[in-house]
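S.K.: You'll find coords-v7.pdb just under this line, and it carries PDB, C-alpha atoms and all ligand atoms.
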```pdb
ATOM      1  CA  MET A   1       0.000   0.000   0.000  1.00  0.00           C
ATOM      2  CA  ASP A   2       3.055   2.280   0.291  1.00  0.00           C
ATOM      3  CA  GLY A   3       3.743   5.326   2.325  1.00  0.00           C
ATOM      4  CA  VAL A   4       1.695   7.639   4.492  1.00  0.00           C
ATOM      5  CA  LYS A   5       1.465  11.388   4.006  1.00  0.00           C
ATOM      6  CA  LEU A   6      -0.286  13.916   6.195  1.00  0.00           C
ATOM      7  CA  HIS A   7      -1.487  17.290   4.938  1.00  0.00           C
ATOM      8  CA  GLY A   8      -1.764  19.415   8.069  1.00  0.00           C
ATOM      9  CA  ALA A   9      -1.212  22.808   9.660  1.00  0.00           C
ATOM     10  CA  TRP A  10       1.008  23.252  12.723  1.00  0.00           C
ATOM     11  CA  ALA A  11      -1.520  25.202  14.826  1.00  0.00           C
ATOM     12  CA  SER A  12      -4.531  23.008  14.031  1.00  0.00           C
ATOM     13  CA  PRO A  13      -5.796  20.832  16.898  1.00  0.00           C
ATOM     14  CA  PHE A  14      -7.325  18.467  14.320  1.00  0.00           C
ATOM     15  CA  SER A  15      -4.035  18.051  12.525  1.00  0.00           C
ATOM     16  CA  ASN A  16      -2.248  17.525  15.850  1.00  0.00           C
ATOM     17  CA  ARG A  17      -4.678  14.730  16.732  1.00  0.00           C
ATOM     18  CA  VAL A  18      -3.511  12.769  13.705  1.00  0.00           C
ATOM     19  CA  VAL A  19       0.169  13.468  14.385  1.00  0.00           C
ATOM     20  CA  TRP A  20      -0.265  12.145  17.958  1.00  0.00           C
ATOM     21  CA  ALA A  21      -1.943   8.949  16.727  1.00  0.00           C
ATOM     22  CA  LEU A  22       0.688   8.353  14.028  1.00  0.00           C
ATOM     23  CA  LYS A  23       3.519   8.878  16.508  1.00  0.00           C
ATOM     24  CA  LEU A  24       1.927   6.771  19.274  1.00  0.00           C
ATOM     25  CA  LYS A  25       1.573   3.941  16.773  1.00  0.00           C
ATOM     26  CA  GLY A  26       5.090   4.513  15.413  1.00  0.00           C
ATOM     27  CA  ILE A  27       3.876   4.851  11.803  1.00  0.00           C
ATOM     28  CA  PRO A  28       6.425   6.656   9.610  1.00  0.00           C
ATOM     29  CA  PHE A  29       4.906   9.494   7.558  1.00  0.00           C
ATOM     30  CA  ASP A  30       5.759  12.510   5.435  1.00  0.00           C
ATOM     31  CA  TYR A  31       4.271  15.748   6.691  1.00  0.00           C
ATOM     32  CA  ILE A  32       3.074  18.463   4.302  1.00  0.00           C
ATOM     33  CA  GLU A  33       2.423  21.829   5.959  1.00  0.00           C
ATOM     34  CA  GLU A  34      -0.498  23.555   4.216  1.00  0.00           C
ATOM     35  CA  ASP A  35      -0.771  27.323   4.001  1.00  0.00           C
ATOM     36  CA  LEU A  36      -4.507  27.541   4.779  1.00  0.00           C
ATOM     37  CA  PRO A  37      -5.219  30.865   3.030  1.00  0.00           C
ATOM     38  CA  ASN A  38      -3.502  29.392  -0.021  1.00  0.00           C
ATOM     39  CA  LYS A  39      -4.291  25.662  -0.062  1.00  0.00           C
ATOM     40  CA  SER A  40      -2.386  23.279  -2.314  1.00  0.00           C
ATOM     41  CA  ALA A  41      -4.059  21.830  -5.411  1.00  0.00           C
ATOM     42  CA  LEU A  42      -3.516  18.389  -3.902  1.00  0.00           C
ATOM     43  CA  LEU A  43      -5.433  19.265  -0.728  1.00  0.00           C
ATOM     44  CA  LEU A  44      -8.382  20.557  -2.794  1.00  0.00           C
ATOM     45  CA  GLN A  45      -8.275  17.383  -4.852  1.00  0.00           C
ATOM     46  CA  TYR A  46      -8.129  15.127  -1.791  1.00  0.00           C
ATOM     47  CA  ASN A  47     -10.825  16.931   0.226  1.00  0.00           C
ATOM     48  CA  PRO A  48     -13.093  18.601  -2.355  1.00  0.00           C
ATOM     49  CA  VAL A  49     -16.077  18.649   0.015  1.00  0.00           C
ATOM     50  CA  HIS A  50     -14.682  20.515   3.036  1.00  0.00           C
ATOM     51  CA  LYS A  51     -11.316  21.698   1.613  1.00  0.00           C
ATOM     52  CA  LYS A  52      -9.856  21.268   5.098  1.00  0.00           C
ATOM     53  CA  ILE A  53      -6.865  19.694   6.756  1.00  0.00           C
ATOM     54  CA  PRO A  54      -6.055  17.164   8.083  1.00  0.00           C
ATOM     55  CA  VAL A  55      -5.977  14.771   5.142  1.00  0.00           C
ATOM     56  CA  LEU A  56      -4.098  11.494   5.451  1.00  0.00           C
ATOM     57  CA  VAL A  57      -2.972   9.914   2.200  1.00  0.00           C
ATOM     58  CA  HIS A  58      -2.194   6.192   2.362  1.00  0.00           C
ATOM     59  CA  GLY A  59      -0.524   5.204  -0.892  1.00  0.00           C
ATOM     60  CA  SER A  60      -2.674   7.265  -3.227  1.00  0.00           C
ATOM     61  CA  ARG A  61      -5.897   7.080  -1.193  1.00  0.00           C
ATOM     62  CA  PRO A  62      -6.985  10.073   0.895  1.00  0.00           C
ATOM     63  CA  VAL A  63      -8.863   9.898   4.205  1.00  0.00           C
ATOM     64  CA  CYS A  64     -10.444  13.096   5.601  1.00  0.00           C
ATOM     65  CA  GLU A  65     -11.706  14.211   9.053  1.00  0.00           C
ATOM     66  CA  SER A  66      -9.413  13.817  12.043  1.00  0.00           C
ATOM     67  CA  MET A  67     -11.427  11.250  14.023  1.00  0.00           C
ATOM     68  CA  VAL A  68     -12.230   9.234  10.888  1.00  0.00           C
ATOM     69  CA  ILE A  69      -8.506   9.198  10.099  1.00  0.00           C
ATOM     70  CA  ILE A  70      -7.765   7.944  13.616  1.00  0.00           C
ATOM     71  CA  GLU A  71     -10.294   5.107  13.248  1.00  0.00           C
ATOM     72  CA  TYR A  72      -8.637   4.261   9.913  1.00  0.00           C
ATOM     73  CA  LEU A  73      -5.184   4.202  11.548  1.00  0.00           C
ATOM     74  CA  GLU A  74      -6.565   1.986  14.312  1.00  0.00           C
ATOM     75  CA  GLU A  75      -7.981  -0.526  11.826  1.00  0.00           C
ATOM     76  CA  THR A  76      -4.899  -0.528   9.604  1.00  0.00           C
ATOM     77  CA  TRP A  77      -2.106  -0.471  12.212  1.00  0.00           C
ATOM     78  CA  PRO A  78      -3.147  -2.399  15.336  1.00  0.00           C
ATOM     79  CA  GLN A  79       0.020  -1.581  17.317  1.00  0.00           C
ATOM     80  CA  TYR A  80      -0.517   0.749  20.313  1.00  0.00           C
ATOM     81  CA  PRO A  81      -4.315   0.210  20.322  1.00  0.00           C
ATOM     82  CA  LEU A  82      -6.323   3.396  20.742  1.00  0.00           C
ATOM     83  CA  LEU A  83      -9.568   1.482  21.342  1.00  0.00           C
ATOM     84  CA  PRO A  84     -10.205  -1.452  23.710  1.00  0.00           C
ATOM     85  CA  THR A  85     -11.283  -4.853  22.315  1.00  0.00           C
ATOM     86  CA  ASP A  86     -14.567  -5.125  24.225  1.00  0.00           C
ATOM     87  CA  PRO A  87     -17.437  -3.829  22.006  1.00  0.00           C
ATOM     88  CA  HIS A  88     -19.220  -2.117  24.897  1.00  0.00           C
ATOM     89  CA  GLU A  89     -16.074  -0.311  26.022  1.00  0.00           C
ATOM     90  CA  ARG A  90     -15.485   0.769  22.414  1.00  0.00           C
ATOM     91  CA  ALA A  91     -19.047   2.081  22.193  1.00  0.00           C
ATOM     92  CA  VAL A  92     -18.628   4.039  25.437  1.00  0.00           C
ATOM     93  CA  LEU A  93     -15.466   5.737  24.174  1.00  0.00           C
ATOM     94  CA  ARG A  94     -17.130   6.581  20.856  1.00  0.00           C
ATOM     95  CA  PHE A  95     -20.010   8.151  22.774  1.00  0.00           C
ATOM     96  CA  TRP A  96     -17.513  10.480  24.461  1.00  0.00           C
ATOM     97  CA  VAL A  97     -15.671  11.237  21.229  1.00  0.00           C
ATOM     98  CA  LYS A  98     -19.005  12.237  19.674  1.00  0.00           C
ATOM     99  CA  LEU A  99     -19.818  14.500  22.614  1.00  0.00           C
ATOM    100  CA  ILE A 100     -16.404  16.168  22.372  1.00  0.00           C
ATOM    101  CA  GLU A 101     -16.874  16.628  18.617  1.00  0.00           C
ATOM    102  CA  GLU A 102     -20.301  18.204  19.119  1.00  0.00           C
ATOM    103  CA  LYS A 103     -19.600  20.431  22.096  1.00  0.00           C
ATOM    104  CA  GLY A 104     -15.841  21.064  21.799  1.00  0.00           C
ATOM    105  CA  LEU A 105     -16.308  23.453  18.893  1.00  0.00           C
ATOM    106  CA  ASN A 106     -17.626  26.107  21.291  1.00  0.00           C
ATOM    107  CA  ILE A 107     -14.073  26.731  22.464  1.00  0.00           C
ATOM    108  CA  TRP A 108     -13.213  28.014  18.972  1.00  0.00           C
ATOM    109  CA  ILE A 109     -16.220  30.311  18.953  1.00  0.00           C
ATOM    110  CA  VAL A 110     -14.920  31.893  22.205  1.00  0.00           C
ATOM    111  CA  TYR A 111     -11.802  33.225  20.498  1.00  0.00           C
ATOM    112  CA  ARG A 112     -13.516  34.358  17.340  1.00  0.00           C
ATOM    113  CA  SER A 113     -16.460  36.251  18.846  1.00  0.00           C
ATOM    114  CA  VAL A 114     -17.546  38.965  21.288  1.00  0.00           C
ATOM    115  CA  GLY A 115     -20.688  39.876  23.227  1.00  0.00           C
ATOM    116  CA  GLU A 116     -23.598  37.485  23.518  1.00  0.00           C
ATOM    117  CA  GLU A 117     -22.207  35.008  21.029  1.00  0.00           C
ATOM    118  CA  GLN A 118     -19.031  34.756  23.109  1.00  0.00           C
ATOM    119  CA  ASP A 119     -20.926  34.546  26.421  1.00  0.00           C
ATOM    120  CA  LYS A 120     -22.934  31.618  25.052  1.00  0.00           C
ATOM    121  CA  ALA A 121     -19.799  29.848  23.787  1.00  0.00           C
ATOM    122  CA  VAL A 122     -18.096  30.289  27.188  1.00  0.00           C
ATOM    123  CA  ARG A 123     -21.178  28.891  28.972  1.00  0.00           C
ATOM    124  CA  GLU A 124     -21.369  25.898  26.648  1.00  0.00           C
ATOM    125  CA  SER A 125     -17.629  25.220  26.910  1.00  0.00           C
ATOM    126  CA  VAL A 126     -17.831  25.256  30.710  1.00  0.00           C
ATOM    127  CA  GLU A 127     -20.850  22.958  30.515  1.00  0.00           C
ATOM    128  CA  MET A 128     -18.901  20.442  28.430  1.00  0.00           C
ATOM    129  CA  LEU A 129     -16.000  20.533  30.910  1.00  0.00           C
ATOM    130  CA  SER A 130     -18.444  20.023  33.805  1.00  0.00           C
ATOM    131  CA  ILE A 131     -19.952  16.971  32.075  1.00  0.00           C
ATOM    132  CA  LEU A 132     -16.502  15.471  31.519  1.00  0.00           C
ATOM    133  CA  GLU A 133     -15.438  16.291  35.075  1.00  0.00           C
ATOM    134  CA  GLU A 134     -18.488  14.608  36.549  1.00  0.00           C
ATOM    135  CA  HIS A 135     -19.098  11.703  34.168  1.00  0.00           C
ATOM    136  CA  GLY A 136     -15.822  11.206  32.233  1.00  0.00           C
ATOM    137  CA  PRO A 137     -14.401   7.668  32.469  1.00  0.00           C
ATOM    138  CA  ASN A 138     -11.110   8.714  34.097  1.00  0.00           C
ATOM    139  CA  LYS A 139     -12.008   8.174  37.752  1.00  0.00           C
ATOM    140  CA  GLY A 140      -8.803   7.093  39.489  1.00  0.00           C
ATOM    141  CA  LYS A 141      -7.046   6.642  36.152  1.00  0.00           C
ATOM    142  CA  LYS A 142      -4.214   8.505  34.501  1.00  0.00           C
ATOM    143  CA  PHE A 143      -6.066   8.872  31.186  1.00  0.00           C
ATOM    144  CA  PHE A 144      -9.677   8.318  30.116  1.00  0.00           C
ATOM    145  CA  GLY A 145      -9.073   4.657  29.366  1.00  0.00           C
ATOM    146  CA  GLY A 146      -6.458   3.732  31.956  1.00  0.00           C
ATOM    147  CA  ASP A 147      -2.658   4.059  31.831  1.00  0.00           C
ATOM    148  CA  GLY A 148      -2.369   4.492  28.050  1.00  0.00           C
ATOM    149  CA  ILE A 149      -3.612   7.243  25.761  1.00  0.00           C
ATOM    150  CA  ASN A 150      -6.736   6.237  23.818  1.00  0.00           C
ATOM    151  CA  ILE A 151      -9.044   7.690  21.180  1.00  0.00           C
ATOM    152  CA  MET A 152     -10.968   9.809  23.700  1.00  0.00           C
ATOM    153  CA  ASP A 153      -7.769  11.313  25.128  1.00  0.00           C
ATOM    154  CA  ILE A 154      -6.743  12.263  21.588  1.00  0.00           C
ATOM    155  CA  ALA A 155     -10.158  13.768  20.842  1.00  0.00           C
ATOM    156  CA  PHE A 156     -10.244  15.817  24.059  1.00  0.00           C
ATOM    157  CA  GLY A 157      -6.551  16.764  23.859  1.00  0.00           C
ATOM    158  CA  ALA A 158      -7.385  18.834  20.799  1.00  0.00           C
ATOM    159  CA  VAL A 159      -9.698  20.930  22.961  1.00  0.00           C
ATOM    160  CA  ALA A 160      -7.842  20.891  26.290  1.00  0.00           C
ATOM    161  CA  CYS A 161      -4.377  21.803  25.021  1.00  0.00           C
ATOM    162  CA  TRP A 162      -5.717  24.891  23.195  1.00  0.00           C
ATOM    163  CA  ILE A 163      -7.804  26.313  26.070  1.00  0.00           C
ATOM    164  CA  GLY A 164      -4.928  28.275  27.669  1.00  0.00           C
ATOM    165  CA  ALA A 165      -4.093  30.140  24.431  1.00  0.00           C
ATOM    166  CA  ILE A 166      -7.788  30.798  23.735  1.00  0.00           C
ATOM    167  CA  GLU A 167      -8.317  32.179  27.246  1.00  0.00           C
ATOM    168  CA  GLU A 168      -5.392  34.572  26.839  1.00  0.00           C
ATOM    169  CA  VAL A 169      -6.355  35.768  23.400  1.00  0.00           C
ATOM    170  CA  SER A 170     -10.063  36.185  24.190  1.00  0.00           C
ATOM    171  CA  GLY A 171      -9.606  37.497  27.734  1.00  0.00           C
ATOM    172  CA  ARG A 172     -12.242  34.999  28.934  1.00  0.00           C
ATOM    173  CA  LYS A 173     -11.791  32.350  31.649  1.00  0.00           C
ATOM    174  CA  ILE A 174     -13.034  28.886  30.704  1.00  0.00           C
ATOM    175  CA  PHE A 175     -11.006  26.404  32.722  1.00  0.00           C
ATOM    176  CA  ASP A 176     -11.041  26.719  36.507  1.00  0.00           C
ATOM    177  CA  ALA A 177      -8.623  24.153  37.985  1.00  0.00           C
ATOM    178  CA  ALA A 178     -10.405  24.252  41.358  1.00  0.00           C
ATOM    179  CA  LYS A 179     -13.726  23.422  39.685  1.00  0.00           C
ATOM    180  CA  PHE A 180     -12.263  20.730  37.437  1.00  0.00           C
ATOM    181  CA  PRO A 181      -9.671  18.865  39.563  1.00  0.00           C
ATOM    182  CA  ARG A 182      -9.968  15.567  37.649  1.00  0.00           C
ATOM    183  CA  LEU A 183      -9.623  17.265  34.278  1.00  0.00           C
ATOM    184  CA  ASN A 184      -6.785  19.339  35.651  1.00  0.00           C
ATOM    185  CA  SER A 185      -4.760  16.234  36.515  1.00  0.00           C
ATOM    186  CA  TRP A 186      -5.775  14.642  33.198  1.00  0.00           C
ATOM    187  CA  ILE A 187      -4.335  17.681  31.352  1.00  0.00           C
ATOM    188  CA  ALA A 188      -1.090  17.495  33.373  1.00  0.00           C
ATOM    189  CA  ASN A 189      -0.754  13.757  32.587  1.00  0.00           C
ATOM    190  CA  PHE A 190      -1.606  14.200  28.925  1.00  0.00           C
ATOM    191  CA  GLU A 191       0.601  17.216  28.214  1.00  0.00           C
ATOM    192  CA  SER A 192       3.578  15.656  29.962  1.00  0.00           C
ATOM    193  CA  SER A 193       3.396  12.272  28.227  1.00  0.00           C
ATOM    194  CA  PRO A 194       6.342  12.075  25.810  1.00  0.00           C
ATOM    195  CA  VAL A 195       4.665  11.870  22.372  1.00  0.00           C
ATOM    196  CA  ILE A 196       2.220  14.656  23.239  1.00  0.00           C
ATOM    197  CA  ALA A 197       4.795  16.932  24.910  1.00  0.00           C
ATOM    198  CA  GLU A 198       7.010  16.670  21.819  1.00  0.00           C
ATOM    199  CA  ASN A 199       4.131  17.372  19.435  1.00  0.00           C
ATOM    200  CA  LEU A 200       2.265  20.376  20.763  1.00  0.00           C
ATOM    201  CA  PRO A 201       2.377  23.757  19.034  1.00  0.00           C
ATOM    202  CA  ASP A 202       4.687  26.385  20.503  1.00  0.00           C
ATOM    203  CA  GLN A 203       2.347  28.310  22.872  1.00  0.00           C
ATOM    204  CA  GLU A 204       3.858  31.725  22.133  1.00  0.00           C
ATOM    205  CA  LYS A 205       3.511  31.263  18.372  1.00  0.00           C
ATOM    206  CA  LEU A 206       0.009  29.844  18.833  1.00  0.00           C
ATOM    207  CA  ARG A 207      -1.129  32.867  20.885  1.00  0.00           C
ATOM    208  CA  GLU A 208       0.287  35.242  18.256  1.00  0.00           C
ATOM    209  CA  LEU A 209      -1.508  33.421  15.451  1.00  0.00           C
ATOM    210  CA  LEU A 210      -4.842  33.231  17.306  1.00  0.00           C
ATOM    211  CA  ALA A 211      -4.613  36.928  18.216  1.00  0.00           C
ATOM    212  CA  ARG A 212      -4.016  37.840  14.547  1.00  0.00           C
ATOM    213  CA  VAL A 213      -6.939  35.693  13.373  1.00  0.00           C
ATOM    214  CA  ARG A 214      -9.221  37.125  16.077  1.00  0.00           C
ATOM    215  CA  GLU A 215      -8.329  40.703  15.178  1.00  0.00           C
ATOM    216  CA  LYS A 216      -8.904  40.055  11.493  1.00  0.00           C
ATOM    217  CA  ARG A 217     -12.278  38.440  12.125  1.00  0.00           C
ATOM    218  CA  LEU A 218     -13.510  41.124  14.488  1.00  0.00           C
ATOM    219  CA  SER A 219     -12.481  43.941  12.181  1.00  0.00           C
ATOM    220  CA  SER A 220     -14.259  42.344   9.213  1.00  0.00           C
ATOM    221  CA  SER A 221     -17.563  43.963   8.218  1.00  0.00           C
ATOM    222  CA  THR A 222     -19.737  41.195   9.691  1.00  0.00           C
ATOM    223  CA  HIS A 223     -18.562  42.046  13.218  1.00  0.00           C
ATOM    224  CA  LYS A 224     -18.791  45.832  12.976  1.00  0.00           C
TER     225      LYS A 224
HETATM  226  N1  LIG B   1     -13.936  18.295  11.603  1.00  0.00           N
HETATM  227  C1  LIG B   1     -12.679  18.508  10.946  1.00  0.00           C
HETATM  228  C2  LIG B   1     -12.217  19.922  11.215  1.00  0.00           C
HETATM  229  C3  LIG B   1     -10.992  20.298  10.387  1.00  0.00           C
HETATM  230  C4  LIG B   1     -10.757  21.799  10.362  1.00  0.00           C
HETATM  231  O1  LIG B   1     -11.587  22.603  10.844  1.00  0.00           O
HETATM  232  N2  LIG B   1      -9.619  22.205   9.775  1.00  0.00           N
HETATM  233  C5  LIG B   1      -9.335  23.609   9.631  1.00  0.00           C
HETATM  234  C6  LIG B   1      -8.022  23.982  10.300  1.00  0.00           C
HETATM  235  S1  LIG B   1      -8.146  23.879  12.071  1.00  0.00           S
HETATM  236  C7  LIG B   1      -9.146  23.953   8.150  1.00  0.00           C
HETATM  237  O2  LIG B   1      -8.589  23.197   7.380  1.00  0.00           O
HETATM  238  N3  LIG B   1      -9.600  25.136   7.762  1.00  0.00           N
HETATM  239  C8  LIG B   1      -9.412  25.637   6.443  1.00  0.00           C
HETATM  240  C9  LIG B   1     -10.610  26.370   5.938  1.00  0.00           C
HETATM  241  O3  LIG B   1     -11.666  26.282   6.573  1.00  0.00           O
HETATM  242  O4  LIG B   1     -10.480  27.019   4.926  1.00  0.00           O
HETATM  243  C10 LIG B   1     -11.669  17.454  11.445  1.00  0.00           C
HETATM  244  O5  LIG B   1     -11.856  16.968  12.567  1.00  0.00           O
HETATM  245  O6  LIG B   1     -10.741  17.111  10.700  1.00  0.00           O
END
```
Write the structure described by the file as structure tokens, please.
Ligand SMILES: N[C@@H](CCC(=O)N[C@@H](CS)C(=O)NCC(=O)O)C(=O)O
M.R.:
Amino acid sequence: MDGVKLHGAWASPFSNRVVWALKLKGIPFDYIEEDLPNKSALLLQYNPVHKKIPVLVHGSRPVCESMVIIEYLEETWPQYPLLPTDPHERAVLRFWVKLIEEKGLNIWIVYRSVGEEQDKAVRESVEMLSILEEHGPNKGKKFFGGDGINIMDIAFGAVACWIGAIEEVSGRKIFDAAKFPRLNSWIANFESSPVIAENLPDQEKLRELLARVREKRLSSSTHK
């Protein structure tokens, strides 16, 4: 089937999800950094529907959408399993991944908006964190599934590891460590685990980029 290529963007949480999974599984790959305002012809060809990164190309066959890519990696390369073998446990983790996919997007609205829209996004982000704090399957465990990183950790990592930069750039508080002690220790465990620590965007550069994007969005006519 040949090699693996990843079209990504360094600051993208979705792209980072795929990098983490590839590295955890030890799959060699070529990385192609896309300039998002000026996407490559190949990216548009591989993902004509959404025109978004990440796109994984295995041989000549593209796979789009970060969590779909991770399921594909899991089925194709069984080493370092990201899902348990028991069907019920797999279903439970997929339930959480779906919740994170549905509700996690609010975090991105926080940094791109102001006023009521931003207030609502902050409220909904805090609500998602409260649900995970109370019901998340990491009680007494290092990660959501136990001692190893699994698909839910990867899904939530793409929200959790960007919250600090979003809070700074938006001036809004989302994560209160005293209110979310279990998530707080999950974040410390996740961010300090070797593959993740080595593959997180530089926080200074990330804040600069998010601040530029926020300013551009807010000064555009739709936000005046
Ligand atoms: N649901 C998608 C989201 C991917 C996504 O939003 N990618 C953004 C970068 S963070 C993108 O490519 N944006 C380019 C554009 O919208 O023009 C996934 O999980 O892969």
S.K.: Draw an axis-aligned box over all listed atoms of ligand LIG 1 (chain B), pad each side with 4 Å, and write its centre and edge lengths in Å, one decimal, as JSON.
M.R.:
```
{"center_x": -11.0, "center_y": 22.0, "center_z": 8.7, "size_x": 13.9, "size_y": 18.1, "size_z": 15.6}
```
S.K.: Taking the file as shown, what set of residues would the PyMOL selection byres (((chain A and resi 83-94) around 9) and not hetatm) give back, as a ChimeraX atom specification?
M.R.: /A:71,74,81-82,95-99,137,144-145,150-152
S.K.: Kindly assemble as CSV a list of the chain A residues that lie within 10 Å of ligand LIG 1 (chain B), each paired with its nearest atom pair and their distance in Å to one decimal, using all atoms listed in the file, sorted first by chain and then by ascending residue number.
M.R.:
```
residue,atom,partner,partner_atom,distance
A:His7,CA,B:LIG1,O2,9.6
A:Gly8,CA,B:LIG1,O2,7.8
A:Ala9,CA,B:LIG1,C6,6.9
A:Trp10,CA,B:LIG1,S1,9.2
A:Ala11,CA,B:LIG1,S1,7.3
A:Ser12,CA,B:LIG1,S1,4.2
A:Pro13,CA,B:LIG1,S1,6.2
A:Phe14,CA,B:LIG1,O5,5.1
A:Ser15,CA,B:LIG1,O6,7.0
A:Asn16,CA,B:LIG1,S1,9.5
A:Arg17,CA,B:LIG1,O5,8.6
A:Val18,CA,B:LIG1,O6,9.0
A:Glu34,CA,B:LIG1,O2,8.7
A:Asp35,CA,B:LIG1,C8,9.1
A:Leu36,CA,B:LIG1,C8,5.5
A:Pro37,CA,B:LIG1,O4,6.8
A:Asn38,CA,B:LIG1,O4,8.9
A:Lys39,CA,B:LIG1,O4,8.1
A:Leu43,CA,B:LIG1,O2,9.5
A:Asn47,CA,B:LIG1,O2,9.8
A:His50,CA,B:LIG1,O3,7.4
A:Lys51,CA,B:LIG1,O4,6.3
A:Lys52,CA,B:LIG1,O2,3.2
A:Ile53,CA,B:LIG1,O2,4.0
A:Pro54,CA,B:LIG1,O6,5.4
A:Val55,CA,B:LIG1,O6,7.7
A:Val63,CA,B:LIG1,O6,9.9
A:Cys64,CA,B:LIG1,O6,6.5
A:Glu65,CA,B:LIG1,O6,3.5
A:Ser66,CA,B:LIG1,O6,3.8
A:Met67,CA,B:LIG1,O5,5.9
A:Val68,CA,B:LIG1,O5,7.9
A:Ile69,CA,B:LIG1,O6,8.2
A:Ile70,CA,B:LIG1,O5,10.0
A:Glu101,CA,B:LIG1,N1,7.8
A:Glu102,CA,B:LIG1,N1,9.8
A:Leu105,CA,B:LIG1,N1,9.2
A:Trp108,CA,B:LIG1,S1,9.5
A:Ala155,CA,B:LIG1,O5,9.0
A:Ala158,CA,B:LIG1,O5,9.6
```
S.K.: Per residue of stretch 37-141 of chain A within 12 Å of stretch 178-201 of chain A, note the shortest atom pair and the distance in Å to one decimal, counting all atoms listed in the file, and order the rows by chain and increasing residue number, as a tab-separated table.
M.R.:
```
residue	atom	partner	partner_atom	distance
A:Val126	CA	A:Phe180	CA	9.8
A:Glu127	CA	A:Phe180	CA	11.3
A:Met128	CA	A:Phe180	CA	11.2
A:Leu129	CA	A:Phe180	CA	7.5
A:Ser130	CA	A:Phe180	CA	7.2
A:Ile131	CA	A:Phe180	CA	10.1
A:Leu132	CA	A:Leu183	CA	7.6
A:Glu133	CA	A:Phe180	CA	5.9
A:Glu134	CA	A:Arg182	CA	8.6
A:His135	CA	A:Arg182	CA	10.5
A:Gly136	CA	A:Leu183	CA	8.9
A:Pro137	CA	A:Arg182	CA	10.4
A:Asn138	CA	A:Arg182	CA	7.8
A:Lys139	CA	A:Arg182	CA	7.7
A:Gly140	CA	A:Arg182	CA	8.7
A:Lys141	CA	A:Trp186	CA	8.6
```
S.K.: Take the selection from the previous step and output its residues with C-alpha atoms, as a PDB file, in the frame of the given file.
M.R.:
```pdb
ATOM      1  CA  VAL A 126     -17.831  25.256  30.710  1.00  0.00           C
ATOM      2  CA  GLU A 127     -20.850  22.958  30.515  1.00  0.00           C
ATOM      3  CA  MET A 128     -18.901  20.442  28.430  1.00  0.00           C
ATOM      4  CA  LEU A 129     -16.000  20.533  30.910  1.00  0.00           C
ATOM      5  CA  SER A 130     -18.444  20.023  33.805  1.00  0.00           C
ATOM      6  CA  ILE A 131     -19.952  16.971  32.075  1.00  0.00           C
ATOM      7  CA  LEU A 132     -16.502  15.471  31.519  1.00  0.00           C
ATOM      8  CA  GLU A 133     -15.438  16.291  35.075  1.00  0.00           C
ATOM      9  CA  GLU A 134     -18.488  14.608  36.549  1.00  0.00           C
ATOM     10  CA  HIS A 135     -19.098  11.703  34.168  1.00  0.00           C
ATOM     11  CA  GLY A 136     -15.822  11.206  32.233  1.00  0.00           C
ATOM     12  CA  PRO A 137     -14.401   7.668  32.469  1.00  0.00           C
ATOM     13  CA  ASN A 138     -11.110   8.714  34.097  1.00  0.00           C
ATOM     14  CA  LYS A 139     -12.008   8.174  37.752  1.00  0.00           C
ATOM     15  CA  GLY A 140      -8.803   7.093  39.489  1.00  0.00           C
ATOM     16  CA  LYS A 141      -7.046   6.642  36.152  1.00  0.00           C
TER      17      LYS A 141
END
```
S.K.: Could you tell me how far atom CA of A:Asp119 lies from atom CA of A:Glu215, in Å and to one decimal?
M.R.: 18.0 Å
S.K.: Do you have the atom CA of A:Asp2-atom CA of A:Gln79 distance handy?
M.R.: 17.7 Å
S.K.: Pick out the closest residue to A:Val110 from this set: A:Arg61, A:Lys142, A:Arg212, A:Lys173. Count only C-alpha atoms.
M.R.: A:Lys173
S.K.: Could you check how far atom CA of A:Gly3 sits from atom CA of A:Ile149, in Å to one decimal?
M.R.: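 Spanning atom CA of A:Gly3 to atom CA of A:Ile149 is a straight-line distance of 24.6 Å.
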S.K.: Write out as a compact mmCIF listing (two decimals) with C-alpha atoms, keeping the file's coordinate frame the residues lying within 8 Å of A:Ile174, counting all atoms listed in the file and excluding same-chain residues fewer than 6 positions away.
M.R.:
```
# COMPACT_ATOMS: atom_id res chain seq x y z
CA VAL A 122 -18.10 30.29 27.19
CA SER A 125 -17.63 25.22 26.91
CA VAL A 126 -17.83 25.26 30.71
CA ILE A 163 -7.80 26.31 26.07
CA GLU A 167 -8.32 32.18 27.25
```
S.K.: Could you tell me which of A:Phe29, A:Phe143, A:Phe156, A:Tyr111 comes closest to A:Val213 if we count all atoms listed in the file?
M.R.: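 Using all atoms listed in the file, A:Val213 sits closest to A:Tyr111.
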S.K.: Could you tell me which of A:Lys120, A:Lys216, A:Lys25, A:Arg112 comes closest to A:Tyr80 if we count all atoms listed in the file?
M.R.: A:Lys25
S.K.: Which one of A:Leu42, A:Ala165, A:Arg172, A:Ala177 sits closest to A:Lys205 if you count only C-alpha atoms?
M.R.: A:Ala165
S.K.: Using only C-alpha atoms, pick whichever of A:Trp162, A:Pro62, A:Ile107, A:Lys5 has the shortest atom-to-atom distance to A:Glu33.
M.R.: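 Answer, going by the shortest atom-to-atom distance: A:Lys5.
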S.K.: Pick the closest to A:Val169 from A:Ala211, A:Leu56, A:Ala41, A:Ile100: which is it, counting all atoms listed in the file?
M.R.: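 Nearest to A:Val169: A:Ala211.
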